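Asks: Next up, work-v2.txt (compact mmCIF, C-alpha atoms).
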```txt
# COMPACT_ATOMS: atom_id res chain seq x y z
CA MET A 1 63.79 -31.02 12.40
CA GLY A 2 62.22 -34.45 12.74
CA LYS A 3 60.44 -36.22 9.93
CA ILE A 4 56.67 -35.53 9.69
CA THR A 5 54.88 -38.84 10.02
CA TRP A 6 51.51 -39.71 8.45
CA ARG A 7 50.00 -39.70 11.96
CA MET A 8 51.07 -36.08 12.40
CA ARG A 9 49.59 -35.17 9.00
CA VAL A 10 46.26 -36.76 9.95
CA PHE A 11 46.28 -34.93 13.29
CA VAL A 12 46.95 -31.53 11.67
CA CYS A 13 44.26 -32.06 9.01
CA THR A 14 41.77 -33.09 11.68
CA MET A 15 42.50 -29.98 13.72
CA ILE A 16 42.08 -27.70 10.68
CA LEU A 17 38.79 -29.35 9.74
CA SER A 18 37.50 -29.04 13.31
CA LEU A 19 38.41 -25.36 13.37
CA LEU A 20 36.59 -24.70 10.09
CA LEU A 21 33.48 -26.54 11.25
CA SER A 22 33.38 -24.75 14.59
CA THR A 23 33.72 -21.38 12.83
CA ASN A 24 30.85 -22.16 10.48
CA LEU A 25 28.65 -23.39 13.33
CA ALA A 26 29.41 -20.29 15.37
CA TYR A 27 28.48 -18.07 12.42
CA ALA A 28 25.22 -19.97 11.90
CA ALA A 29 24.36 -19.68 15.57
CA SER A 30 24.98 -15.93 15.57
CA ALA A 31 22.77 -15.23 12.53
CA PRO A 32 19.34 -14.37 13.95
CA ALA A 33 16.22 -16.00 12.54
CA PRO A 34 13.84 -13.51 10.88
CA TYR A 35 11.22 -11.88 13.11
CA TYR A 36 8.34 -10.61 10.99
CA ALA A 37 6.01 -7.96 12.44
CA ALA A 38 2.89 -7.26 10.36
CA LEU A 39 0.83 -4.13 10.95
CA GLY A 40 -2.43 -3.04 9.42
CA ASP A 41 -6.05 -3.71 8.72
CA SER A 42 -8.32 -6.52 7.54
CA ILE A 43 -6.19 -7.26 4.48
CA ALA A 44 -3.14 -7.90 6.65
CA PHE A 45 -5.39 -9.83 9.05
CA GLY A 46 -6.32 -12.19 6.19
CA ILE A 47 -9.96 -11.32 5.49
CA GLY A 48 -11.07 -12.68 2.13
CA ALA A 49 -8.63 -15.59 2.13
CA THR A 50 -9.55 -19.20 2.85
CA GLY A 51 -9.07 -19.81 6.56
CA TRP A 52 -7.83 -16.22 6.90
CA LYS A 53 -4.52 -17.36 5.46
CA GLY A 54 -3.82 -14.04 3.83
CA TYR A 55 -0.73 -12.45 2.40
CA VAL A 56 1.02 -12.17 5.79
CA PRO A 57 1.43 -15.91 6.56
CA ARG A 58 2.04 -16.52 2.85
CA LEU A 59 4.89 -14.02 2.93
CA LYS A 60 6.23 -15.59 6.12
CA SER A 61 6.49 -18.91 4.29
CA TYR A 62 9.26 -17.38 2.16
CA MET A 63 11.31 -16.62 5.29
CA THR A 64 13.15 -19.68 6.57
CA GLY A 65 12.72 -20.16 10.31
CA ALA A 66 10.82 -16.89 10.74
CA THR A 67 8.69 -15.94 13.74
CA LEU A 68 5.52 -14.01 12.90
CA SER A 69 3.74 -11.44 15.05
CA ASN A 70 0.64 -10.25 13.20
CA GLN A 71 -0.53 -7.09 14.96
CA SER A 72 -3.14 -6.14 12.35
CA PHE A 73 -6.83 -5.74 13.13
CA PRO A 74 -9.87 -5.50 10.82
CA GLY A 75 -11.31 -2.02 10.49
CA ASP A 76 -8.25 -0.13 11.69
CA LYS A 77 -7.71 3.29 10.16
CA SER A 78 -4.36 5.05 10.12
CA SER A 79 -5.21 6.87 13.38
CA GLN A 80 -5.93 3.58 15.15
CA LEU A 81 -2.69 2.05 13.93
CA LEU A 82 -0.78 5.08 15.20
CA SER A 83 -2.45 4.76 18.60
CA LYS A 84 -1.60 1.06 18.75
CA ILE A 85 2.06 1.68 17.95
CA LYS A 86 2.22 4.32 20.67
CA SER A 87 0.46 2.44 23.45
CA ASN A 88 -0.07 -1.29 22.77
CA LEU A 89 2.60 -3.21 24.66
CA PHE A 90 2.41 -6.27 22.40
CA THR A 91 2.70 -4.20 19.24
CA ARG A 92 5.62 -2.23 20.61
CA ALA A 93 7.42 -5.39 21.73
CA ALA A 94 6.95 -6.97 18.30
CA LEU A 95 8.29 -3.89 16.54
CA LYS A 96 11.38 -3.79 18.76
CA LYS A 97 12.19 -7.42 17.88
CA ALA A 98 11.35 -7.17 14.19
CA THR A 99 13.85 -7.80 11.42
CA VAL A 100 11.18 -6.97 8.83
CA ILE A 101 7.96 -4.92 9.08
CA THR A 102 5.04 -4.74 6.64
CA ILE A 103 2.10 -2.34 6.71
CA SER A 104 -1.33 -2.45 5.06
CA ILE A 105 -3.20 0.71 6.05
CA GLY A 106 -5.30 3.48 4.56
CA GLY A 107 -8.14 1.48 3.04
CA ASN A 108 -10.44 2.08 5.99
CA ASN A 109 -9.78 5.81 5.78
CA LEU A 110 -11.88 5.61 2.60
CA LEU A 111 -13.94 2.43 2.87
CA GLY A 112 -16.50 3.82 5.29
CA CYS A 113 -17.16 6.69 2.90
CA ALA A 114 -18.87 4.33 0.43
CA SER A 115 -22.43 3.33 1.29
CA SER A 116 -25.40 1.52 -0.28
CA ASN A 117 -23.26 -1.47 -1.21
CA TYR A 118 -20.45 0.80 -2.41
CA THR A 119 -22.67 2.64 -4.90
CA VAL A 120 -22.57 6.04 -3.14
CA ILE A 121 -19.32 7.81 -2.18
CA ASN A 122 -19.33 10.65 0.35
CA ALA A 123 -16.82 13.24 -0.85
CA ALA A 124 -16.49 15.07 2.48
CA CYS A 125 -15.81 11.79 4.27
CA ALA A 126 -13.15 10.81 1.72
CA GLU A 127 -11.42 14.19 1.98
CA ALA A 128 -11.31 13.84 5.77
CA GLY A 129 -9.93 10.31 5.45
CA ILE A 130 -7.15 11.45 3.13
CA ALA A 131 -6.27 14.38 5.40
CA GLY A 132 -6.09 12.03 8.38
CA PHE A 133 -3.86 9.60 6.50
CA SER A 134 -1.55 12.41 5.39
CA SER A 135 -1.14 13.47 9.01
CA ASP A 136 -0.87 9.96 10.49
CA LEU A 137 1.58 8.24 8.15
CA PRO A 138 4.69 10.30 9.02
CA ASN A 139 3.94 9.81 12.71
CA ILE A 140 3.43 6.06 12.22
CA LEU A 141 6.82 5.80 10.54
CA LYS A 142 8.48 8.03 13.13
CA GLU A 143 7.13 5.93 16.02
CA ILE A 144 8.29 2.71 14.35
CA ARG A 145 11.76 4.12 13.77
CA ASN A 146 11.96 5.23 17.40
CA LEU A 147 11.37 1.60 18.38
CA ASN A 148 13.38 0.00 15.60
CA PRO A 149 15.88 2.13 13.65
CA SER A 150 16.98 -0.49 11.13
CA ALA A 151 14.40 -3.14 10.17
CA PRO A 152 13.10 -2.83 6.59
CA ILE A 153 9.60 -1.30 6.44
CA VAL A 154 7.37 -2.13 3.46
CA LEU A 155 4.02 -0.44 2.78
CA MET A 156 1.55 -1.78 0.23
CA THR A 157 -0.39 0.69 -1.92
CA LEU A 158 -4.19 0.56 -2.09
CA TYR A 159 -5.88 -1.05 -5.08
CA ASN A 160 -9.10 0.09 -6.74
CA PRO A 161 -11.78 -2.64 -6.47
CA TYR A 162 -14.18 -0.94 -8.89
CA LEU A 163 -14.35 -2.09 -12.48
CA LYS A 164 -13.41 0.54 -15.03
CA ASN A 165 -16.94 0.70 -16.40
CA ASP A 166 -18.43 1.35 -12.96
CA SER A 167 -19.80 4.88 -12.54
CA ASN A 168 -17.80 5.23 -9.31
CA TYR A 169 -14.51 4.07 -10.76
CA LEU A 170 -13.00 7.49 -11.51
CA THR A 171 -14.17 9.04 -8.24
CA ALA A 172 -12.76 6.18 -6.17
CA ASP A 173 -9.59 6.09 -8.22
CA GLY A 174 -8.90 9.75 -7.53
CA TYR A 175 -9.11 9.25 -3.77
CA ILE A 176 -7.11 6.01 -3.84
CA THR A 177 -4.39 7.59 -5.96
CA ARG A 178 -4.04 10.45 -3.49
CA ILE A 179 -3.55 7.98 -0.62
CA ASN A 180 -0.98 6.11 -2.71
CA ASN A 181 0.83 9.33 -3.58
CA ILE A 182 1.19 10.02 0.14
CA MET A 183 2.68 6.54 0.64
CA ASN A 184 5.01 6.98 -2.32
CA ASP A 185 5.92 10.46 -1.07
CA THR A 186 5.35 11.79 -4.57
CA LEU A 187 4.78 15.41 -3.56
CA ASN A 188 7.99 15.57 -1.50
CA ASN A 189 10.22 13.84 -4.07
CA GLY A 190 10.84 10.91 -1.74
CA ALA A 191 12.16 12.90 1.23
CA ALA A 192 10.09 10.90 3.74
CA LYS A 193 11.17 7.62 2.16
CA ILE A 194 14.76 8.61 2.77
CA ALA A 195 14.12 9.97 6.27
CA TYR A 196 12.25 6.87 7.46
CA ASN A 197 13.93 4.36 5.15
CA TYR A 198 10.85 2.55 3.87
CA SER A 199 9.72 0.98 0.60
CA THR A 200 6.36 0.60 -1.14
CA VAL A 201 4.91 -2.37 -2.99
CA ASP A 202 2.84 -1.38 -6.02
CA VAL A 203 -0.27 -3.44 -5.33
CA TYR A 204 -2.38 -0.82 -7.13
CA GLY A 205 -0.57 -1.29 -10.43
CA SER A 206 -0.07 -5.03 -10.07
CA PHE A 207 -3.78 -5.59 -9.42
CA GLY A 208 -4.47 -3.84 -12.71
CA SER A 209 -6.74 -1.52 -10.75
CA GLY A 210 -9.58 -0.39 -12.94
CA VAL A 211 -8.92 -2.98 -15.65
CA ASN A 212 -11.92 -5.23 -16.27
CA GLY A 213 -11.25 -8.80 -15.21
CA ASP A 214 -8.46 -8.38 -12.66
CA THR A 215 -10.83 -7.10 -9.98
CA CYS A 216 -13.09 -10.12 -10.42
CA LYS A 217 -10.15 -12.52 -10.42
CA LEU A 218 -8.33 -11.03 -7.44
CA THR A 219 -11.11 -9.71 -5.15
CA HIS A 220 -14.65 -10.60 -4.06
CA PHE A 221 -16.01 -7.29 -5.38
CA CYS A 222 -17.74 -8.80 -8.42
CA GLU A 223 -19.73 -11.17 -6.21
CA SER A 224 -23.19 -10.37 -4.86
CA THR A 225 -21.66 -9.34 -1.52
CA ARG A 226 -19.49 -6.68 -3.23
CA ASP A 227 -16.69 -7.48 -0.79
CA PRO A 228 -13.56 -5.49 -1.75
CA HIS A 229 -11.18 -7.84 0.10
CA PRO A 230 -8.75 -9.99 -1.88
CA LYS A 231 -9.49 -13.59 -2.80
CA ASP A 232 -6.81 -16.23 -2.27
CA ALA A 233 -5.31 -15.25 -5.64
CA GLY A 234 -5.16 -11.62 -4.55
CA HIS A 235 -3.53 -12.41 -1.23
CA GLN A 236 -1.00 -14.63 -2.99
CA LEU A 237 -0.15 -11.87 -5.45
CA ILE A 238 0.36 -9.40 -2.61
CA ALA A 239 2.64 -11.88 -0.82
CA ASP A 240 4.61 -12.49 -4.01
CA LEU A 241 5.04 -8.76 -4.65
CA HIS A 242 6.46 -8.32 -1.15
CA ALA A 243 8.72 -11.36 -1.56
CA ILE A 244 10.10 -10.06 -4.85
CA LEU A 245 10.84 -6.64 -3.35
CA MET A 246 12.56 -8.30 -0.38
CA LYS A 247 14.49 -10.60 -2.73
CA LEU A 248 12.95 -13.68 -1.13
CA LYS A 249 11.96 -15.16 -4.49
```
Let me see the file written as structure tokens.

Replies:
Amino acid sequence: MGKITWRMRVFVCTMILSLLLSTNLAYAASAPAPYYAALGDSIAFGIGATGWKGYVPRLKSYMTGATLSNQSFPGDKSSQLLSKIKSNLFTRAALKKATVITISIGGNNLLGCASSNYTVINAACAEAGIAGFSSDLPNILKEIRNLNPSAPIVLMTLYNPYLKNDSNYLTADGYITRINNIMNDTLNNGAAKIAYNYSTVDVYGSFGSGVNGDTCKLTHFCESTRDPHPKDAGHQLIADLHAILMKLK
């Protein structure tokens, strides 16, 4: 066998280095950039935040190179979201592409039941809203999974905007908790969570719902307008809670 010269050594090393680099580049090219599909209501739309920069674009900022398709719309109830997933071509296309899906829904199933600047709560309306949500949510998840079997789905629980010393606090809290129990699949011991492979973010608990101070700090409900939507701080907290669950921060 002939003697290996330094030129041959350099050539072999160069070839090995080129092979390693091409392998790494090929792997990077094959890894898809995140595609984030957001579903829901006015909170997901960004109402209450400066410039409507709500929790959805804030969460996207944690995803390097992500594409966002925000399919949320203010005022949507669970029934309207279900209809959109079934028939809206843009929503369906976004869900098919998605590598992550978030949902904010259920608030409007109850919100319209409070009148006179949220001082009067209609019990029959709230019961109907909860019944509708209970029926709609499994179908929402089923339709999403038919379009996209594998992308992570994250639902956020509802928070209670009323202060604890408000006369409507306990009434509202009871209805909100029942919606959240449906999301958390409490009554079925998590069977739906397993079947549809989804997670929930505890916005209710993290907002300190019902604790004096947090509502005023995180929502506009203590202002003269009595707007229950999150402030910038509230939207940021919601984004952070999602990011922590998704291990993005």

Asks: Between range 81-142 of chain A and range 178-194 of chain A, at 8 Å or less, what are the per-residue closest atom pairs and their distances in Å? Count only C-alpha atoms, order by chain and rising residue number, and return it as a tab-separated table.

Replies:
```
residue	atom	partner	partner_atom	distance
A:Gly106	CA	A:Ile179	CA	7.1
A:Ile130	CA	A:Ile179	CA	6.3
A:Phe133	CA	A:Ile179	CA	7.3
A:Ser134	CA	A:Ile182	CA	6.4
A:Leu137	CA	A:Met183	CA	7.8
A:Pro138	CA	A:Ala192	CA	7.6
```

Asks: Which residues of range 178-227 of chain A have any atom within 9 Å of an atom in range 149-171 of chain A when counting only C-alpha atoms, and what is the closest pair of atoms for each, with the distance in Å to one decimal? Order the rows by chain and rising number and write it as a Markdown table.

Replies:
```
| residue | atom | partner | partner_atom | distance |
| --- | --- | --- | --- | --- |
| A:Ile179 | CA | A:Leu158 | CA | 7.6 |
| A:Asn180 | CA | A:Thr157 | CA | 5.5 |
| A:Asn181 | CA | A:Thr157 | CA | 8.9 |
| A:Met183 | CA | A:Thr157 | CA | 7.1 |
| A:Asn184 | CA | A:Thr157 | CA | 8.3 |
| A:Tyr196 | CA | A:Pro149 | CA | 8.6 |
| A:Asn197 | CA | A:Ile153 | CA | 7.2 |
| A:Tyr198 | CA | A:Ile153 | CA | 4.8 |
| A:Ser199 | CA | A:Val154 | CA | 4.8 |
| A:Thr200 | CA | A:Leu155 | CA | 4.7 |
| A:Val201 | CA | A:Met156 | CA | 4.7 |
| A:Asp202 | CA | A:Thr157 | CA | 5.6 |
| A:Val203 | CA | A:Thr157 | CA | 5.4 |
| A:Tyr204 | CA | A:Tyr159 | CA | 4.1 |
| A:Gly205 | CA | A:Tyr159 | CA | 7.5 |
| A:Ser206 | CA | A:Tyr159 | CA | 8.6 |
| A:Phe207 | CA | A:Tyr159 | CA | 6.6 |
| A:Gly208 | CA | A:Tyr159 | CA | 8.2 |
| A:Ser209 | CA | A:Asn160 | CA | 4.9 |
| A:Gly210 | CA | A:Lys164 | CA | 4.5 |
| A:Val211 | CA | A:Lys164 | CA | 5.7 |
| A:Asn212 | CA | A:Leu163 | CA | 5.5 |
| A:Gly213 | CA | A:Leu163 | CA | 7.9 |
| A:Asp214 | CA | A:Leu163 | CA | 8.6 |
| A:Thr215 | CA | A:Pro161 | CA | 5.8 |
| A:Cys216 | CA | A:Leu163 | CA | 8.4 |
| A:Thr219 | CA | A:Pro161 | CA | 7.2 |
| A:His220 | CA | A:Pro161 | CA | 8.8 |
| A:Phe221 | CA | A:Pro161 | CA | 6.4 |
| A:Cys222 | CA | A:Leu163 | CA | 8.5 |
| A:Asp227 | CA | A:Pro161 | CA | 8.9 |
```

Asks: Take the residues just selected and output them with C-alpha atoms as an mmCIF file, in the coordinates of the input.

Replies:
```
data_model
loop_
_atom_site.group_PDB
_atom_site.id
_atom_site.type_symbol
_atom_site.label_atom_id
_atom_site.label_comp_id
_atom_site.auth_asym_id
_atom_site.auth_seq_id
_atom_site.Cartn_x
_atom_site.Cartn_y
_atom_site.Cartn_z
ATOM 1 C CA ILE A 179 -3.550 7.980 -0.620
ATOM 2 C CA ASN A 180 -0.980 6.110 -2.710
ATOM 3 C CA ASN A 181 0.830 9.330 -3.580
ATOM 4 C CA MET A 183 2.680 6.540 0.640
ATOM 5 C CA ASN A 184 5.010 6.980 -2.320
ATOM 6 C CA TYR A 196 12.250 6.870 7.460
ATOM 7 C CA ASN A 197 13.930 4.360 5.150
ATOM 8 C CA TYR A 198 10.850 2.550 3.870
ATOM 9 C CA SER A 199 9.720 0.980 0.600
ATOM 10 C CA THR A 200 6.360 0.600 -1.140
ATOM 11 C CA VAL A 201 4.910 -2.370 -2.990
ATOM 12 C CA ASP A 202 2.840 -1.380 -6.020
ATOM 13 C CA VAL A 203 -0.270 -3.440 -5.330
ATOM 14 C CA TYR A 204 -2.380 -0.820 -7.130
ATOM 15 C CA GLY A 205 -0.570 -1.290 -10.430
ATOM 16 C CA SER A 206 -0.070 -5.030 -10.070
ATOM 17 C CA PHE A 207 -3.780 -5.590 -9.420
ATOM 18 C CA GLY A 208 -4.470 -3.840 -12.710
ATOM 19 C CA SER A 209 -6.740 -1.520 -10.750
ATOM 20 C CA GLY A 210 -9.580 -0.390 -12.940
ATOM 21 C CA VAL A 211 -8.920 -2.980 -15.650
ATOM 22 C CA ASN A 212 -11.920 -5.230 -16.270
ATOM 23 C CA GLY A 213 -11.250 -8.800 -15.210
ATOM 24 C CA ASP A 214 -8.460 -8.380 -12.660
ATOM 25 C CA THR A 215 -10.830 -7.100 -9.980
ATOM 26 C CA CYS A 216 -13.090 -10.120 -10.420
ATOM 27 C CA THR A 219 -11.110 -9.710 -5.150
ATOM 28 C CA HIS A 220 -14.650 -10.600 -4.060
ATOM 29 C CA PHE A 221 -16.010 -7.290 -5.380
ATOM 30 C CA CYS A 222 -17.740 -8.800 -8.420
ATOM 31 C CA ASP A 227 -16.690 -7.480 -0.790
#
```

Asks: Looking at A:Trp52, A:Tyr35, A:Phe90, A:Tyr175, which one is nearest to Pro230 in chain A, with distances taken over only C-alpha atoms?

Replies: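 Closest candidate: A:Trp52.
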
Asks: I'd like the neighbourhood of Gln80 in chain A as a list in words, where a residue qualifies if any of its atoms comes within 10 Å (using only C-alpha atoms), though same-chain residues fewer than 3 positions away should be ignored.

Replies: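 Listing them by chain and then by number gives Gly40, Asp41, Phe73, Gly75, Asp76, Lys77, Ser83, Lys84, Ile85, Lys86, Ile105 and Asp136 of chain A.
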
Asks: Would you mind listing what lies within 7 Å of Tyr36 in chain A as a PyMOL selection string, with only C-alpha atoms counted and same-chain residues fewer than 6 positions away left out?

Replies: chain A and resi 66-69+98-101

Asks: Return the single residue from A:Ile103, A:Ile144, A:Ala123, A:Leu95 that is closest to Ser42 in chain A, with distances computed using all atoms listed in the file.

Replies: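 Among A:Ile103, A:Ile144, A:Ala123, A:Leu95, it is A:Ile103 that comes nearest to Ser42 in chain A.
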
Asks: Which residue gives the smallest distance to Phe45 in chain A among A:Glu143, A:Gly174, A:Ser87, A:His235, with all atoms listed in the file counted?

Replies: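 Nearest candidate to Phe45 in chain A out of A:Glu143, A:Gly174, A:Ser87, A:His235: A:His235.
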
Asks: Can you measure CA of Ala128 in chain A to CA of Pro228 in chain A for me? One decimal in Å is fine.

Replies: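 Going from CA of Ala128 in chain A over to CA of Pro228 in chain A, I get 20.9 Å.
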
Asks: Interatomic distance between CA of Leu82 in chain A and CA of His229 in chain A?

Replies: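 Computed distance, CA of Leu82 in chain A to CA of His229 in chain A, equals 22.4 Å.
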
Asks: To one decimal in Å, tell me the separation between CA of Ile140 in chain A and CA of Gly234 in chain A.

Replies: 25.8 Å

Asks: Reconstruct range 127-147 of chain A at the level of N, CA and C atoms, and format the result as a compact mmCIF listing (two decimals), in the frame of the given file.

Replies:
```
# COMPACT_ATOMS: atom_id res chain seq x y z
N GLU A 127 -12.41 13.12 1.79
CA GLU A 127 -11.42 14.19 1.98
C GLU A 127 -10.87 14.15 3.40
N ALA A 128 -11.75 13.93 4.38
CA ALA A 128 -11.31 13.84 5.77
C ALA A 128 -10.40 12.63 5.98
N GLY A 129 -10.74 11.51 5.33
CA GLY A 129 -9.93 10.31 5.45
C GLY A 129 -8.54 10.49 4.88
N ILE A 130 -8.45 11.19 3.75
CA ILE A 130 -7.15 11.45 3.13
C ILE A 130 -6.33 12.40 4.00
N ALA A 131 -6.97 13.43 4.53
CA ALA A 131 -6.27 14.38 5.40
C ALA A 131 -5.73 13.67 6.65
N GLY A 132 -6.53 12.79 7.21
CA GLY A 132 -6.09 12.03 8.38
C GLY A 132 -4.90 11.14 8.05
N PHE A 133 -4.96 10.47 6.91
CA PHE A 133 -3.86 9.60 6.50
C PHE A 133 -2.58 10.40 6.29
N SER A 134 -2.72 11.56 5.65
CA SER A 134 -1.55 12.41 5.39
C SER A 134 -0.88 12.84 6.69
N SER A 135 -1.68 13.08 7.71
CA SER A 135 -1.14 13.47 9.01
C SER A 135 -0.57 12.28 9.78
N ASP A 136 -1.24 11.13 9.68
CA ASP A 136 -0.87 9.96 10.49
C ASP A 136 0.37 9.24 9.99
N LEU A 137 0.52 9.11 8.67
CA LEU A 137 1.58 8.24 8.15
C LEU A 137 2.98 8.66 8.61
N PRO A 138 3.36 9.94 8.53
CA PRO A 138 4.69 10.30 9.02
C PRO A 138 4.89 9.97 10.50
N ASN A 139 3.84 10.12 11.28
CA ASN A 139 3.94 9.81 12.71
C ASN A 139 4.03 8.31 12.95
N ILE A 140 3.32 7.52 12.14
CA ILE A 140 3.43 6.06 12.22
C ILE A 140 4.87 5.64 11.97
N LEU A 141 5.45 6.16 10.90
CA LEU A 141 6.82 5.80 10.54
C LEU A 141 7.82 6.29 11.59
N LYS A 142 7.59 7.48 12.10
CA LYS A 142 8.48 8.03 13.13
C LYS A 142 8.45 7.17 14.39
N GLU A 143 7.25 6.76 14.82
CA GLU A 143 7.13 5.93 16.02
C GLU A 143 7.80 4.58 15.82
N ILE A 144 7.63 4.00 14.63
CA ILE A 144 8.29 2.71 14.35
C ILE A 144 9.80 2.87 14.41
N ARG A 145 10.31 3.92 13.79
CA ARG A 145 11.76 4.12 13.77
C ARG A 145 12.31 4.43 15.16
N ASN A 146 11.52 5.03 16.02
CA ASN A 146 11.96 5.23 17.40
C ASN A 146 12.14 3.90 18.12
N LEU A 147 11.30 2.93 17.76
CA LEU A 147 11.37 1.60 18.38
C LEU A 147 12.39 0.70 17.69
```
